[in-house]
$ cat coords07.tsv   # TSV, N, CA and C atoms and all ligand atoms
chain	number	residue	atom	x	y	z
T	1	MET	N	-19.71	19.05	5.54
T	1	MET	CA	-18.57	19.37	4.68
T	1	MET	C	-17.42	18.39	4.91
T	2	GLU	N	-17.21	18.10	6.21
T	2	GLU	CA	-16.11	17.18	6.57
T	2	GLU	C	-16.34	15.79	6.00
T	3	ILE	N	-17.63	15.36	5.99
T	3	ILE	CA	-17.97	14.02	5.48
T	3	ILE	C	-17.71	13.97	3.98
T	4	ILE	N	-18.11	15.02	3.26
T	4	ILE	CA	-17.90	15.04	1.80
T	4	ILE	C	-16.40	14.99	1.50
T	5	ARG	N	-15.64	15.80	2.22
T	5	ARG	CA	-14.19	15.80	2.00
T	5	ARG	C	-13.60	14.42	2.31
T	6	GLY	N	-14.13	13.82	3.39
T	6	GLY	CA	-13.67	12.48	3.76
T	6	GLY	C	-13.94	11.46	2.65
T	7	LEU	N	-15.12	11.58	2.02
T	7	LEU	CA	-15.45	10.66	0.92
T	7	LEU	C	-14.51	10.88	-0.27
T	8	ILE	N	-14.14	12.14	-0.50
T	8	ILE	CA	-13.20	12.42	-1.61
T	8	ILE	C	-11.83	11.82	-1.29
T	9	VAL	N	-11.43	11.88	-0.02
T	9	VAL	CA	-10.15	11.24	0.38
T	9	VAL	C	-10.22	9.74	0.07
T	10	VAL	N	-11.39	9.11	0.38
T	10	VAL	CA	-11.53	7.67	0.10
T	10	VAL	C	-11.38	7.41	-1.40
T	11	LEU	N	-12.04	8.24	-2.23
T	11	LEU	CA	-11.93	8.07	-3.69
T	11	LEU	C	-10.47	8.25	-4.15
T	12	HIS	N	-9.78	9.22	-3.51
T	12	HIS	CA	-8.38	9.50	-3.83
T	12	HIS	C	-7.53	8.25	-3.53
T	13	LEU	N	-7.83	7.61	-2.40
T	13	LEU	CA	-7.06	6.41	-2.02
T	13	LEU	C	-7.40	5.24	-2.95
T	14	ILE	N	-8.68	5.15	-3.38
T	14	ILE	CA	-9.06	4.08	-4.32
T	14	ILE	C	-8.30	4.28	-5.64
T	15	ALA	N	-8.22	5.54	-6.09
T	15	ALA	CA	-7.49	5.84	-7.33
T	15	ALA	C	-6.02	5.43	-7.20
T	16	PHE	N	-5.43	5.76	-6.06
T	16	PHE	CA	-4.03	5.39	-5.80
T	16	PHE	C	-3.87	3.87	-5.83
T	17	ALA	N	-4.81	3.16	-5.14
T	17	ALA	CA	-4.73	1.70	-5.09
T	17	ALA	C	-4.87	1.09	-6.48
T	18	ALA	N	-5.82	1.62	-7.28
T	18	ALA	CA	-6.04	1.06	-8.62
T	18	ALA	C	-4.83	1.34	-9.53
T	19	LEU	N	-4.25	2.54	-9.39
T	19	LEU	CA	-3.10	2.89	-10.24
T	19	LEU	C	-1.89	2.02	-9.90
T	20	LEU	N	-1.58	1.93	-8.61
T	20	LEU	CA	-0.42	1.13	-8.22
T	20	LEU	C	-0.69	-0.37	-8.45
T	21	GLY	N	-1.93	-0.79	-8.13
T	21	GLY	CA	-2.28	-2.21	-8.30
T	21	GLY	C	-2.17	-2.63	-9.75
T	22	SER	N	-2.70	-1.81	-10.66
T	22	SER	CA	-2.65	-2.21	-12.08
T	22	SER	C	-1.20	-2.18	-12.58
T	23	TRP	N	-0.39	-1.27	-12.03
T	23	TRP	CA	1.02	-1.26	-12.44
T	23	TRP	C	1.74	-2.52	-11.92
T	24	ILE	N	1.45	-2.92	-10.67
T	24	ILE	CA	2.09	-4.12	-10.10
T	24	ILE	C	1.72	-5.37	-10.92
T	25	VAL	N	0.44	-5.44	-11.35
T	25	VAL	CA	0.02	-6.58	-12.18
T	25	VAL	C	0.88	-6.63	-13.45
T	26	GLY	N	1.04	-5.47	-14.09
T	26	GLY	CA	1.85	-5.40	-15.31
T	26	GLY	C	3.32	-5.72	-15.04
T	27	ALA	N	3.82	-5.27	-13.89
T	27	ALA	CA	5.23	-5.50	-13.55
T	27	ALA	C	5.48	-6.98	-13.27
T	28	LEU	N	4.59	-7.62	-12.50
T	28	LEU	CA	4.79	-9.02	-12.14
T	28	LEU	C	4.64	-9.94	-13.34
T	29	SER	N	3.73	-9.58	-14.25
T	29	SER	CA	3.53	-10.44	-15.43
T	29	SER	C	4.54	-10.07	-16.52
T	30	ARG	N	5.35	-9.06	-16.26
T	30	ARG	CA	6.37	-8.59	-17.21
T	30	ARG	C	5.76	-8.15	-18.55
T	31	SER	N	4.47	-7.72	-18.49
T	31	SER	CA	3.83	-7.30	-19.75
T	31	SER	C	4.35	-5.91	-20.14
T	32	GLY	N	4.66	-5.08	-19.14
T	32	GLY	CA	5.15	-3.74	-19.42
T	32	GLY	C	4.16	-2.90	-20.21
T	33	ARG	N	2.87	-3.20	-20.06
T	33	ARG	CA	1.85	-2.50	-20.85
T	33	ARG	C	1.14	-1.42	-20.04
T	34	ILE	N	0.87	-0.30	-20.69
T	34	ILE	CA	0.04	0.75	-20.09
T	34	ILE	C	-1.41	0.33	-20.34
T	35	THR	N	-2.22	0.29	-19.27
T	35	THR	CA	-3.61	-0.16	-19.44
T	35	THR	C	-4.58	1.01	-19.25
T	36	ARG	N	-5.83	0.76	-19.69
T	36	ARG	CA	-6.90	1.74	-19.51
T	36	ARG	C	-7.10	2.06	-18.03
T	37	LEU	N	-7.04	1.00	-17.19
T	37	LEU	CA	-7.25	1.18	-15.75
T	37	LEU	C	-6.20	2.14	-15.18
T	38	MET	N	-4.95	2.02	-15.65
T	38	MET	CA	-3.91	2.94	-15.18
T	38	MET	C	-4.26	4.37	-15.56
T	39	GLN	N	-4.75	4.57	-16.78
T	39	GLN	CA	-5.06	5.93	-17.23
T	39	GLN	C	-6.25	6.52	-16.48
T	40	TRP	N	-7.32	5.70	-16.31
T	40	TRP	CA	-8.50	6.21	-15.62
T	40	TRP	C	-8.22	6.48	-14.15
T	41	SER	N	-7.42	5.59	-13.50
T	41	SER	CA	-7.16	5.81	-12.07
T	41	SER	C	-6.24	7.02	-11.87
T	42	MET	N	-5.33	7.25	-12.82
T	42	MET	CA	-4.49	8.46	-12.75
T	42	MET	C	-5.38	9.71	-12.82
T	43	LEU	N	-6.37	9.66	-13.74
T	43	LEU	CA	-7.29	10.80	-13.90
T	43	LEU	C	-8.10	11.02	-12.62
T	44	LEU	N	-8.55	9.92	-12.00
T	44	LEU	CA	-9.32	10.03	-10.76
T	44	LEU	C	-8.45	10.59	-9.63
T	45	ALA	N	-7.18	10.14	-9.58
T	45	ALA	CA	-6.27	10.66	-8.55
T	45	ALA	C	-6.07	12.17	-8.75
T	46	LEU	N	-5.97	12.59	-10.02
T	46	LEU	CA	-5.78	14.01	-10.32
T	46	LEU	C	-7.01	14.82	-9.89
T	47	MET	N	-8.19	14.36	-10.29
T	47	MET	CA	-9.41	15.13	-10.00
T	47	MET	C	-9.71	15.19	-8.51
T	48	THR	N	-9.58	14.05	-7.82
T	48	THR	CA	-9.85	14.06	-6.38
T	48	THR	C	-8.76	14.85	-5.64
T	49	GLY	N	-7.52	14.74	-6.12
T	49	GLY	CA	-6.42	15.50	-5.50
T	49	GLY	C	-6.65	17.00	-5.61
T	50	LEU	N	-7.07	17.45	-6.82
T	50	LEU	CA	-7.33	18.88	-7.00
T	50	LEU	C	-8.50	19.31	-6.12
T	51	ALA	N	-9.52	18.45	-6.02
T	51	ALA	CA	-10.68	18.78	-5.18
T	51	ALA	C	-10.24	18.92	-3.71
T	52	LEU	N	-9.35	18.02	-3.28
T	52	LEU	CA	-8.87	18.08	-1.89
T	52	LEU	C	-8.00	19.30	-1.64
T	53	ALA	N	-7.34	19.79	-2.71
T	53	ALA	CA	-6.44	20.94	-2.56
T	53	ALA	C	-7.20	22.25	-2.44
T	54	ALA	N	-8.50	22.22	-2.75
T	54	ALA	CA	-9.30	23.44	-2.65
T	54	ALA	C	-9.44	23.84	-1.18
T	55	PRO	N	-9.60	25.15	-0.92
T	55	PRO	CA	-9.76	25.57	0.49
T	55	PRO	C	-11.13	25.20	1.04
T	56	TRP	N	-11.20	24.14	1.81
T	56	TRP	CA	-12.46	23.63	2.37
T	56	TRP	C	-12.78	24.26	3.72
T	57	GLY	N	-11.77	24.89	4.29
T	57	GLY	CA	-11.98	25.45	5.63
T	57	GLY	C	-11.93	24.39	6.72
T	58	VAL	N	-11.63	23.14	6.31
T	58	VAL	CA	-11.56	22.04	7.29
T	58	VAL	C	-10.14	21.88	7.79
T	59	VAL	N	-9.17	21.98	6.83
T	59	VAL	CA	-7.76	21.86	7.21
T	59	VAL	C	-7.25	23.26	7.49
T	60	ALA	N	-6.53	23.44	8.62
T	60	ALA	CA	-6.09	24.76	9.05
T	60	ALA	C	-5.29	25.49	7.96
T	61	SER	N	-4.15	24.93	7.56
T	61	SER	CA	-3.39	25.57	6.47
T	61	SER	C	-2.84	24.47	5.56
T	62	PRO	N	-3.44	24.31	4.37
T	62	PRO	CA	-2.98	23.27	3.45
T	62	PRO	C	-1.52	23.48	3.08
T	63	ASN	N	-0.78	22.38	2.97
T	63	ASN	CA	0.64	22.46	2.61
T	63	ASN	C	0.75	22.53	1.09
T	64	TYR	N	0.81	23.75	0.56
T	64	TYR	CA	0.77	23.92	-0.89
T	64	TYR	C	2.08	23.51	-1.56
T	65	PHE	N	3.17	23.50	-0.81
T	65	PHE	CA	4.43	22.99	-1.38
T	65	PHE	C	4.28	21.50	-1.68
T	66	LYS	N	3.73	20.79	-0.70
T	66	LYS	CA	3.51	19.34	-0.85
T	66	LYS	C	2.52	19.06	-1.98
T	67	ILE	N	1.42	19.80	-2.00
T	67	ILE	CA	0.39	19.58	-3.02
T	67	ILE	C	0.96	19.88	-4.42
T	68	GLY	N	1.74	20.96	-4.52
T	68	GLY	CA	2.35	21.34	-5.81
T	68	GLY	C	3.31	20.26	-6.29
T	69	THR	N	4.13	19.73	-5.37
T	69	THR	CA	5.09	18.68	-5.74
T	69	THR	C	4.34	17.45	-6.24
T	70	LYS	N	3.27	17.08	-5.52
T	70	LYS	CA	2.48	15.92	-5.93
T	70	LYS	C	1.84	16.15	-7.29
T	71	LEU	N	1.40	17.39	-7.55
T	71	LEU	CA	0.78	17.70	-8.84
T	71	LEU	C	1.79	17.54	-9.98
T	72	VAL	N	3.01	18.07	-9.76
T	72	VAL	CA	4.05	17.97	-10.80
T	72	VAL	C	4.35	16.50	-11.10
T	73	ILE	N	4.50	15.70	-10.02
T	73	ILE	CA	4.81	14.27	-10.22
T	73	ILE	C	3.66	13.58	-10.95
T	74	LEU	N	2.42	13.92	-10.58
T	74	LEU	CA	1.29	13.29	-11.26
T	74	LEU	C	1.25	13.68	-12.74
T	75	LEU	N	1.61	14.93	-13.06
T	75	LEU	CA	1.61	15.34	-14.46
T	75	LEU	C	2.69	14.58	-15.25
T	76	ILE	N	3.83	14.30	-14.57
T	76	ILE	CA	4.87	13.49	-15.22
T	76	ILE	C	4.32	12.07	-15.48
T	77	ILE	N	3.62	11.51	-14.47
T	77	ILE	CA	3.02	10.18	-14.64
T	77	ILE	C	2.04	10.21	-15.82
T	78	ALA	N	1.21	11.27	-15.89
T	78	ALA	CA	0.22	11.38	-16.97
T	78	ALA	C	0.93	11.41	-18.32
T	79	ALA	N	2.03	12.16	-18.41
T	79	ALA	CA	2.77	12.25	-19.67
T	79	ALA	C	3.34	10.88	-20.04
T	80	LEU	N	3.90	10.18	-19.05
T	80	LEU	CA	4.48	8.85	-19.32
T	80	LEU	C	3.40	7.88	-19.81
T	81	LEU	N	2.22	7.93	-19.16
T	81	LEU	CA	1.13	7.03	-19.58
T	81	LEU	C	0.70	7.37	-21.01
T	82	GLY	N	0.64	8.67	-21.31
T	82	GLY	CA	0.25	9.09	-22.66
T	82	GLY	C	1.26	8.64	-23.70
T	83	ILE	N	2.55	8.84	-23.40
T	83	ILE	CA	3.61	8.43	-24.34
T	83	ILE	C	3.55	6.91	-24.56
T	84	GLY	N	3.43	6.18	-23.43
T	84	GLY	CA	3.41	4.71	-23.51
T	84	GLY	C	2.21	4.21	-24.31
T	85	ALA	N	1.04	4.79	-24.04
T	85	ALA	CA	-0.18	4.35	-24.75
T	85	ALA	C	-0.06	4.63	-26.24
T	86	SER	N	0.51	5.77	-26.58
T	86	SER	CA	0.60	6.08	-28.02
T	86	SER	C	1.64	5.18	-28.69
T	87	ARG	N	2.70	4.81	-27.96
T	87	ARG	CA	3.66	3.85	-28.52
T	87	ARG	C	2.98	2.51	-28.77
T	88	GLN	N	2.16	2.10	-27.79
T	88	GLN	CA	1.46	0.81	-27.94
T	88	GLN	C	0.52	0.82	-29.13
T	89	ARG	N	-0.16	1.98	-29.34
T	89	ARG	CA	-1.09	2.08	-30.47
T	89	ARG	C	-0.35	1.89	-31.79
T	90	ARG	N	0.93	2.31	-31.82
T	90	ARG	CA	1.72	2.16	-33.06
T	90	ARG	C	2.42	0.81	-33.11
T	91	GLY	N	2.02	-0.09	-32.18
T	91	GLY	CA	2.56	-1.46	-32.21
T	91	GLY	C	3.93	-1.59	-31.56
T	92	LYS	N	4.41	-0.49	-30.92
T	92	LYS	CA	5.72	-0.56	-30.24
T	92	LYS	C	5.52	-0.93	-28.77
T	93	THR	N	6.62	-1.18	-28.06
T	93	THR	CA	6.53	-1.50	-26.64
T	93	THR	C	6.63	-0.21	-25.80
T	94	ALA	N	5.91	-0.22	-24.66
T	94	ALA	CA	5.94	0.96	-23.77
T	94	ALA	C	6.90	0.72	-22.60
T	95	ASP	N	7.68	-0.35	-22.71
T	95	ASP	CA	8.55	-0.79	-21.64
T	95	ASP	C	9.35	0.33	-20.95
T	96	GLY	N	9.99	1.18	-21.74
T	96	GLY	CA	10.85	2.24	-21.20
T	96	GLY	C	10.12	3.12	-20.22
T	97	VAL	N	8.93	3.59	-20.59
T	97	VAL	CA	8.19	4.50	-19.72
T	97	VAL	C	7.44	3.73	-18.63
T	98	PHE	N	7.01	2.51	-18.93
T	98	PHE	CA	6.23	1.72	-17.96
T	98	PHE	C	6.94	1.63	-16.61
T	99	TRP	N	8.24	1.31	-16.63
T	99	TRP	CA	8.96	1.06	-15.38
T	99	TRP	C	9.15	2.31	-14.53
T	100	LEU	N	8.96	3.49	-15.11
T	100	LEU	CA	9.08	4.72	-14.32
T	100	LEU	C	7.81	5.02	-13.53
T	101	VAL	N	6.67	4.52	-14.04
T	101	VAL	CA	5.37	4.90	-13.47
T	101	VAL	C	5.22	4.45	-12.01
T	102	GLY	N	5.47	3.17	-11.74
T	102	GLY	CA	5.28	2.62	-10.38
T	102	GLY	C	6.09	3.38	-9.32
T	103	PRO	N	7.41	3.53	-9.54
T	103	PRO	CA	8.20	4.25	-8.54
T	103	PRO	C	7.70	5.69	-8.31
T	104	LEU	N	7.24	6.36	-9.37
T	104	LEU	CA	6.74	7.73	-9.20
T	104	LEU	C	5.45	7.74	-8.37
T	105	VAL	N	4.58	6.72	-8.57
T	105	VAL	CA	3.35	6.63	-7.77
T	105	VAL	C	3.71	6.43	-6.30
T	106	VAL	N	4.69	5.56	-6.06
T	106	VAL	CA	5.11	5.29	-4.67
T	106	VAL	C	5.71	6.56	-4.05
T	107	ILE	N	6.52	7.29	-4.83
T	107	ILE	CA	7.10	8.54	-4.32
T	107	ILE	C	5.99	9.51	-3.92
T	108	ASN	N	4.94	9.60	-4.77
T	108	ASN	CA	3.83	10.52	-4.45
T	108	ASN	C	3.12	10.09	-3.17
T	109	ALA	N	2.93	8.78	-2.99
T	109	ALA	CA	2.28	8.30	-1.77
T	109	ALA	C	3.16	8.62	-0.56
T	110	ALA	N	4.49	8.44	-0.71
T	110	ALA	CA	5.41	8.73	0.39
T	110	ALA	C	5.38	10.21	0.74
T	111	ILE	N	5.34	11.07	-0.29
T	111	ILE	CA	5.27	12.52	-0.03
T	111	ILE	C	3.97	12.83	0.72
T	112	ALA	N	2.85	12.19	0.28
T	112	ALA	CA	1.54	12.45	0.92
T	112	ALA	C	1.58	12.11	2.41
T	113	VAL	N	2.27	11.02	2.74
T	113	VAL	CA	2.21	10.55	4.12
T	113	VAL	C	3.33	11.14	4.99
T	114	LEU	N	4.54	11.32	4.40
T	114	LEU	CA	5.70	11.66	5.21
T	114	LEU	C	6.00	13.17	5.30
T	115	VAL	N	5.62	13.94	4.25
T	115	VAL	CA	6.01	15.36	4.25
T	115	VAL	C	5.03	16.18	5.09
O	1	LIG	C1	-0.25	9.21	-8.02
O	1	LIG	C2	-0.62	10.31	-7.45
O	1	LIG	C3	-1.02	10.45	-6.01
O	1	LIG	C4	-0.88	9.57	-4.95
O	1	LIG	C5	-0.25	8.20	-4.95
O	1	LIG	C6	-1.46	10.21	-3.79
O	1	LIG	C7	-1.53	9.63	-2.53
O	1	LIG	C8	-2.17	10.19	-1.45
O	1	LIG	C9	-2.35	9.55	-0.16
O	1	LIG	C10	-1.86	8.14	0.19
O	1	LIG	C11	-3.00	10.43	0.64
O	1	LIG	C12	-3.44	10.21	2.11
O	1	LIG	C13	-2.40	10.82	3.03
O	1	LIG	C14	-2.82	10.83	4.48
O	1	LIG	O1	-4.03	10.91	4.76
O	1	LIG	O2	-1.94	10.78	5.33
O	1	LIG	C15	-3.22	11.64	-0.12
O	1	LIG	C16	-3.83	12.78	0.36
O	1	LIG	C17	-3.93	13.97	-0.33
O	1	LIG	N1	-3.61	14.19	-1.66
O	1	LIG	FE1	-2.81	12.82	-2.92
O	1	LIG	N2	-1.92	11.47	-4.15
O	1	LIG	C18	-1.68	11.65	-5.49
O	1	LIG	C19	-1.96	12.76	-6.25
O	1	LIG	C20	-2.41	13.96	-5.74
O	1	LIG	C21	-2.56	15.18	-6.49
O	1	LIG	C22	-2.25	15.34	-7.97
O	1	LIG	C23	-3.01	16.13	-5.62
O	1	LIG	C24	-3.33	17.59	-5.83
O	1	LIG	C25	-2.99	18.30	-6.84
O	1	LIG	C26	-3.17	15.50	-4.32
O	1	LIG	C27	-3.63	16.13	-3.18
O	1	LIG	C28	-3.84	15.52	-1.97
O	1	LIG	C29	-4.34	16.19	-0.78
O	1	LIG	C30	-4.72	17.67	-0.67
O	1	LIG	C31	-4.38	15.22	0.24
O	1	LIG	C32	-4.77	15.47	1.72
O	1	LIG	C33	-6.09	14.87	2.12
O	1	LIG	C34	-6.31	15.12	3.63
O	1	LIG	O3	-6.33	16.27	4.01
O	1	LIG	O4	-6.42	14.13	4.36
O	1	LIG	N3	-2.79	14.18	-4.44
O	1	LIG	N4	-2.73	11.48	-1.38
$ encode --input "coords07.tsv" --output "structure tokens"
Amino acid sequence: MEIIRGLIVVLHLIAFAALLGSWIVGALSRSGRITRLMQWSMLLALMTGLALAAPWGVVASPNYFKIGTKLVILLIIAALLGIGASRQRRGKTADGVFWLVGPLVVINAAIAVLV
């Protein structure tokens, strides 16, 4: 059980890396574009995060305040990605929402590690 949970943690970290990495690429190139990779990695972070939040009996008492806060922030990120992608489909720029995504991902990582 511990090994399976450990593998899900690895997938969770890969999702985090892909989401932040793809955002950094967009930020450095000043494209300000929401990409498919950002959307898929956000979805993977959500699914693996929810799986980790389940009672596995491995962690003594899961910190549900922390998990809930991370879930709310991830849902905000999901909404921003959705708004940005739909703006792009209509030929508009997603610049406004794009710049909020990276800092929110970093805040979630900080909450995961520090709280
Ligand atoms: C962009 C969104 C997210 C980022 C950047 C992120 C980042 C991280 C990181 C870096 C860790 C490892 C922390 C450590 O081992 O010290 C972690 C663990 C964890 N995350 Fe997330 N996370 C995100 C979304 C979520 C969501 C939405 C949930 C649940 C609803 C969640 C639930 C968890 C849980 C339960 C763990 C603990 C794993 C363990 O026990 O080692 N995460 N997250």
$ residues_near_ligand --input "coords07.tsv" --ligand "ligand LIG 1 (chain O)" --cutoff "6.5 Å" --atoms "all atoms listed in the file" --output "ChimeraX atom specification"
/T:9,12-13,16,42,45-54,67-68,70-75,104-110,112-113
$ atom_distance --input "coords07.tsv" --atom1 "atom N of Gly21 in chain T" --atom2 "CA of Leu100 in chain T"
13.8 Å
$ select_by_dssp --input "coords07.tsv" --residues "chain T" --states "helix (DSSP H, G or I)" --output "PyMOL selection string"
chain T and resi 2-28+36-53+64-89+95-114
$ atom_distance --input "coords07.tsv" --atom1 "CA of Leu80 in chain T" --atom2 "CA of Gly96 in chain T"
9.4 Å
$ closest_residue --input "coords07.tsv" --among "T:Val101, T:Ala79, T:Gly57, T:Ser41" --to "Ala17 in chain T" --atoms "only N, CA and C atoms"
T:Ser41
$ closest_residue --input "coords07.tsv" --among "T:Leu44, T:Ile111, T:Ala60, T:Ala85" --to "Leu19 in chain T" --atoms "only C-alpha atoms"
T:Leu44
$ atom_distance --input "coords07.tsv" --atom1 "atom N of Val59 in chain T" --atom2 "atom N of Ile14 in chain T"
19.7 Å
$ closest_residue --input "coords07.tsv" --among "T:Leu7, T:Pro55, T:Leu81, T:Ser29" --to "Leu43 in chain T" --atoms "only C-alpha atoms"
T:Leu81
$ closest_residue --input "coords07.tsv" --among "T:Ala94, T:Met38, T:Val58, T:Ile8" --to "Leu20 in chain T" --atoms "only N, CA and C atoms"
T:Met38
$ closest_residue --input "coords07.tsv" --among "T:Ala18, T:Ile76, T:Arg87, T:Ile3" --to "Gln39 in chain T" --atoms "all atoms listed in the file"
T:Ala18
$ closest_residue --input "coords07.tsv" --among "T:Ile4, T:Val115, T:Gly84, T:Leu11" --to "Tyr64 in chain T" --atoms "only C-alpha atoms"
T:Val115
$ residues_around --input "coords07.tsv" --residues "Ser31 in chain T" --least-positions-apart "4" --cutoff "8 Å" --atoms "all atoms listed in the file" --output "number ranges by chain"
T: 25-27, 94-95
$ decode --input "coords07.tsv" --residues "range 67-93 of chain T" --atoms "N, CA and C atoms" --output "short mmCIF file (atom, residue, chain, number, x, y, z; two decimals), in the first residue's frame"
data_model
loop_
_atom_site.label_atom_id
_atom_site.label_comp_id
_atom_site.auth_asym_id
_atom_site.auth_seq_id
_atom_site.Cartn_x
_atom_site.Cartn_y
_atom_site.Cartn_z
N ILE T 67 -5.22 20.22 2.84
CA ILE T 67 -5.68 19.59 1.61
C ILE T 67 -6.83 20.41 0.99
N GLY T 68 -7.74 20.89 1.86
CA GLY T 68 -8.88 21.70 1.38
C GLY T 68 -8.40 23.00 0.75
N THR T 69 -7.42 23.65 1.40
CA THR T 69 -6.89 24.91 0.86
C THR T 69 -6.26 24.66 -0.51
N LYS T 70 -5.48 23.57 -0.61
CA LYS T 70 -4.84 23.25 -1.88
C LYS T 70 -5.88 22.95 -2.95
N LEU T 71 -6.98 22.30 -2.56
CA LEU T 71 -8.04 21.97 -3.53
C LEU T 71 -8.68 23.25 -4.06
N VAL T 72 -8.97 24.20 -3.14
CA VAL T 72 -9.61 25.46 -3.56
C VAL T 72 -8.68 26.20 -4.53
N ILE T 73 -7.38 26.26 -4.19
CA ILE T 73 -6.43 26.98 -5.07
C ILE T 73 -6.35 26.27 -6.43
N LEU T 74 -6.33 24.94 -6.41
CA LEU T 74 -6.26 24.23 -7.69
C LEU T 74 -7.52 24.48 -8.53
N LEU T 75 -8.69 24.58 -7.88
CA LEU T 75 -9.91 24.84 -8.64
C LEU T 75 -9.87 26.25 -9.25
N ILE T 76 -9.25 27.20 -8.52
CA ILE T 76 -9.08 28.54 -9.08
C ILE T 76 -8.16 28.47 -10.32
N ILE T 77 -7.06 27.70 -10.19
CA ILE T 77 -6.14 27.53 -11.32
C ILE T 77 -6.90 26.92 -12.50
N ALA T 78 -7.73 25.90 -12.23
CA ALA T 78 -8.49 25.24 -13.30
C ALA T 78 -9.41 26.24 -13.99
N ALA T 79 -10.07 27.09 -13.19
CA ALA T 79 -10.97 28.09 -13.77
C ALA T 79 -10.18 29.08 -14.64
N LEU T 80 -9.02 29.51 -14.15
CA LEU T 80 -8.20 30.46 -14.92
C LEU T 80 -7.76 29.84 -16.24
N LEU T 81 -7.34 28.56 -16.18
CA LEU T 81 -6.90 27.89 -17.42
C LEU T 81 -8.07 27.78 -18.39
N GLY T 82 -9.25 27.47 -17.86
CA GLY T 82 -10.44 27.35 -18.71
C GLY T 82 -10.80 28.68 -19.35
N ILE T 83 -10.79 29.75 -18.54
CA ILE T 83 -11.12 31.08 -19.07
C ILE T 83 -10.10 31.48 -20.15
N GLY T 84 -8.81 31.27 -19.82
CA GLY T 84 -7.74 31.64 -20.76
C GLY T 84 -7.85 30.87 -22.07
N ALA T 85 -8.09 29.56 -21.97
CA ALA T 85 -8.17 28.73 -23.18
C ALA T 85 -9.36 29.16 -24.04
N SER T 86 -10.47 29.49 -23.39
CA SER T 86 -11.63 29.87 -24.20
C SER T 86 -11.41 31.24 -24.84
N ARG T 87 -10.69 32.14 -24.14
CA ARG T 87 -10.35 33.43 -24.76
C ARG T 87 -9.47 33.21 -25.99
N GLN T 88 -8.50 32.28 -25.84
CA GLN T 88 -7.60 32.01 -26.96
C GLN T 88 -8.35 31.44 -28.15
N ARG T 89 -9.35 30.57 -27.87
CA ARG T 89 -10.14 29.98 -28.96
C ARG T 89 -10.87 31.06 -29.74
N ARG T 90 -11.24 32.16 -29.04
CA ARG T 90 -11.96 33.25 -29.72
C ARG T 90 -10.97 34.27 -30.31
N GLY T 91 -9.68 33.88 -30.33
CA GLY T 91 -8.67 34.74 -30.96
C GLY T 91 -8.18 35.88 -30.07
N LYS T 92 -8.62 35.87 -28.79
CA LYS T 92 -8.17 36.93 -27.86
C LYS T 92 -6.93 36.45 -27.11
N THR T 93 -6.30 37.35 -26.34
CA THR T 93 -5.14 36.97 -25.55
C THR T 93 -5.58 36.51 -24.15
#
